[in-house]
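As provided, input_30.csv (CSV, C-alpha atoms) reads as follows.
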```csv
chain,number,residue,atom,x,y,z
H,1,ARG,CA,55.8,79.3,136.4
H,2,SER,CA,57.2,76.1,135.1
H,3,ASP,CA,60.7,74.6,135.4
H,4,GLU,CA,60.1,72.8,132.1
H,5,PRO,CA,62.3,74.2,129.2
H,6,PHE,CA,60.6,75.8,126.2
H,7,ASP,CA,61.9,77.1,122.9
H,8,ALA,CA,60.2,80.5,122.7
H,9,VAL,CA,57.6,82.8,124.1
H,10,VAL,CA,54.9,84.4,121.9
H,11,ILE,CA,53.1,87.3,123.4
H,12,ASP,CA,50.2,89.4,122.1
H,13,ALA,CA,51.2,93.0,122.3
H,14,ILE,CA,47.7,94.2,123.3
H,15,MET,CA,45.7,92.2,125.8
H,16,PRO,CA,43.7,92.8,129.0
H,17,GLY,CA,45.6,93.0,132.2
H,18,PRO,CA,49.4,93.6,132.1
H,19,SER,CA,50.7,95.3,129.0
H,20,GLY,CA,52.8,93.4,126.4
H,21,THR,CA,55.8,95.3,127.7
H,22,GLU,CA,55.2,94.1,131.2
H,23,VAL,CA,54.8,90.5,130.1
H,24,VAL,CA,58.0,90.7,128.1
H,25,ARG,CA,59.9,92.0,131.1
H,26,ALA,CA,58.4,89.3,133.4
H,27,ALA,CA,59.3,86.6,130.8
H,28,ARG,CA,62.8,87.9,130.6
H,29,ALA,CA,63.1,87.9,134.4
H,30,ILE,CA,61.8,84.3,134.6
H,31,ARG,CA,63.6,82.9,131.6
H,32,PRO,CA,66.5,85.1,130.5
H,33,GLY,CA,67.8,84.2,127.1
H,34,THR,CA,64.5,82.6,125.9
H,35,PRO,CA,63.5,84.1,122.5
H,36,ILE,CA,60.4,86.3,122.7
H,37,VAL,CA,58.1,87.2,119.8
H,38,THR,CA,55.4,89.8,120.1
H,39,VAL,CA,52.4,89.6,117.7
H,40,SER,CA,49.7,92.2,117.1
H,41,GLY,CA,47.0,93.2,114.6
H,42,TYR,CA,48.0,96.8,115.2
H,43,SER,CA,50.7,98.4,113.0
H,44,PRO,CA,54.1,98.8,114.6
H,45,ASP,CA,53.6,102.6,114.5
H,46,HIS,CA,50.4,102.3,116.6
H,47,LEU,CA,52.1,100.4,119.4
H,48,GLY,CA,53.7,103.4,121.0
H,49,ASP,CA,57.1,104.2,122.6
H,50,HIS,CA,58.6,100.7,122.3
H,51,GLY,CA,57.4,100.1,118.8
H,52,ALA,CA,56.3,96.6,117.9
H,53,THR,CA,58.8,94.5,119.7
H,54,MET,CA,58.2,96.0,123.2
H,55,GLY,CA,61.7,94.7,124.1
H,56,ALA,CA,61.0,91.3,122.5
H,57,ASP,CA,63.4,89.8,120.0
H,58,ALA,CA,61.0,89.9,117.0
H,59,PHE,CA,57.5,91.1,115.9
H,60,VAL,CA,55.0,89.3,113.7
H,61,GLN,CA,52.0,91.2,112.3
H,62,LYS,CA,48.5,89.6,112.5
H,63,PRO,CA,47.0,87.9,110.7
H,64,PHE,CA,49.9,85.6,110.0
H,65,THR,CA,50.5,82.2,108.7
H,66,ILE,CA,52.3,79.5,110.6
H,67,GLU,CA,55.2,80.0,108.3
H,68,GLU,CA,55.4,83.7,109.2
H,69,LEU,CA,55.2,82.9,112.9
H,70,LEU,CA,58.0,80.3,112.5
H,71,GLU,CA,60.1,82.9,110.6
H,72,GLY,CA,59.5,85.4,113.5
H,73,ILE,CA,60.7,82.7,116.0
H,74,SER,CA,63.7,82.0,113.8
H,75,ARG,CA,64.6,85.8,113.8
H,76,ALA,CA,64.2,86.0,117.5
H,77,ARG,CA,66.5,83.1,118.0
H,78,SER,CA,69.2,84.4,115.6
H,79,HIS,CA,69.0,88.1,116.6
H,80,PRO,CA,68.3,88.3,120.3
H,81,TYR,CA,67.2,91.6,121.9
H,82,ASN,CA,70.1,93.5,123.6
H,83,ALA,CA,69.0,96.0,126.2
H,84,ALA,CA,72.5,97.4,126.2
H,85,ASP,CA,72.1,98.4,122.5
H,86,PRO,CA,71.6,102.2,122.4
H,87,ALA,CA,68.8,101.7,119.8
H,88,ALA,CA,66.9,99.3,122.1
H,89,PRO,CA,63.7,100.6,123.7
```
Give the structure from this file in structure tokens form.
Amino acid sequence: RSDEPFDAVVIDAIMPGPSGTEVVRAARAIRPGTPIVTVSGYSPDHLGDHGATMGADAFVQKPFTIEELLEGISRARSHPYNAADPAAP
């Protein structure tokens, strides 16, 4: 954990250890309000109950260009995830 500010968190949806959803929850607990982007080579339909975002603010499909990643970060910053939204996972 760092006390240094950062602009966004980018998390791979599928990785060894904690699930992408668990990492998103931990990141939200540590840095509420920080935009979170999930990335994956799997299709959104393959990612299960929470879909591609897993509670993050945006999703970017792999492989992606730097421009596509920056667009995902921009989406995450302008349309933050709202857990109170009835459509939210």
Of the residues H:Val10, H:Val23, H:Val39, H:Met15, which is the one nearest to H:Pro63, using all atoms listed in the file?
->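 Distance minimum relative to H:Pro63 lands on H:Val39.
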To one decimal place, how far is atom CA of H:Pro16 from atom CA of H:Val37 in Å?
-> 18.0 Å
Might you pull out every residue within 12 Å of H:Glu22, with only C-alpha atoms counted and same-chain residues fewer than 2 positions away left off, and present them as number ranges by chain?
-> H: 11-20, 24-29, 38, 50, 54-56
Which neighbours of H:Glu71 fall inside 12 Å, counting only C-alpha atoms, when residues of the same chain fewer than 4 positions from it are skipped, and could you give them as a list in words?
-> Val37, Ala58, Phe59, Val60, Gln61, Phe64, Thr65, Ile66, Glu67, Arg75, Ala76, Arg77, Ser78 and His79 of chain H
Same residues, C-alpha atoms, output as a JSON list (two decimals), keeping the file's coordinate frame:
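File again06.json, as written:
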```json
[["chain", "number", "residue", "atom", "x", "y", "z"],
["H", 37, "VAL", "CA", 58.10, 87.20, 119.80],
["H", 58, "ALA", "CA", 61.00, 89.90, 117.00],
["H", 59, "PHE", "CA", 57.50, 91.10, 115.90],
["H", 60, "VAL", "CA", 55.00, 89.30, 113.70],
["H", 61, "GLN", "CA", 52.00, 91.20, 112.30],
["H", 64, "PHE", "CA", 49.90, 85.60, 110.00],
["H", 65, "THR", "CA", 50.50, 82.20, 108.70],
["H", 66, "ILE", "CA", 52.30, 79.50, 110.60],
["H", 67, "GLU", "CA", 55.20, 80.00, 108.30],
["H", 75, "ARG", "CA", 64.60, 85.80, 113.80],
["H", 76, "ALA", "CA", 64.20, 86.00, 117.50],
["H", 77, "ARG", "CA", 66.50, 83.10, 118.00],
["H", 78, "SER", "CA", 69.20, 84.40, 115.60],
["H", 79, "HIS", "CA", 69.00, 88.10, 116.60]]
```
Among the residues H:Ser74, H:Thr21, H:Arg31, H:Lys62, the one that comes closest to H:Glu4 [using only C-alpha atoms] |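 Looking at the shortest contact to H:Glu4, the residue is H:Arg31.
Going from atom CA of H:Pro44 over to atom CA of H:Leu69, you cover 16.0 Å.
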Separation of atom CA of H:Asp7 from atom CA of H:Leu47 in Å =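 Atom CA of H:Asp7 lies 25.5 Å from atom CA of H:Leu47.
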Would you compute an axis-aligned box for stretch 15-32 of chain H, covering every atom listed for it in the file with 3 Å of margin on each side, and report centre and edge lengths in Å to one decimal as AutoDock Vina command-line options?
```
--center_x 55.1 --center_y 89.1 --center_z 130.2 --size_x 28.8 --size_y 18.4 --size_z 14.8
```
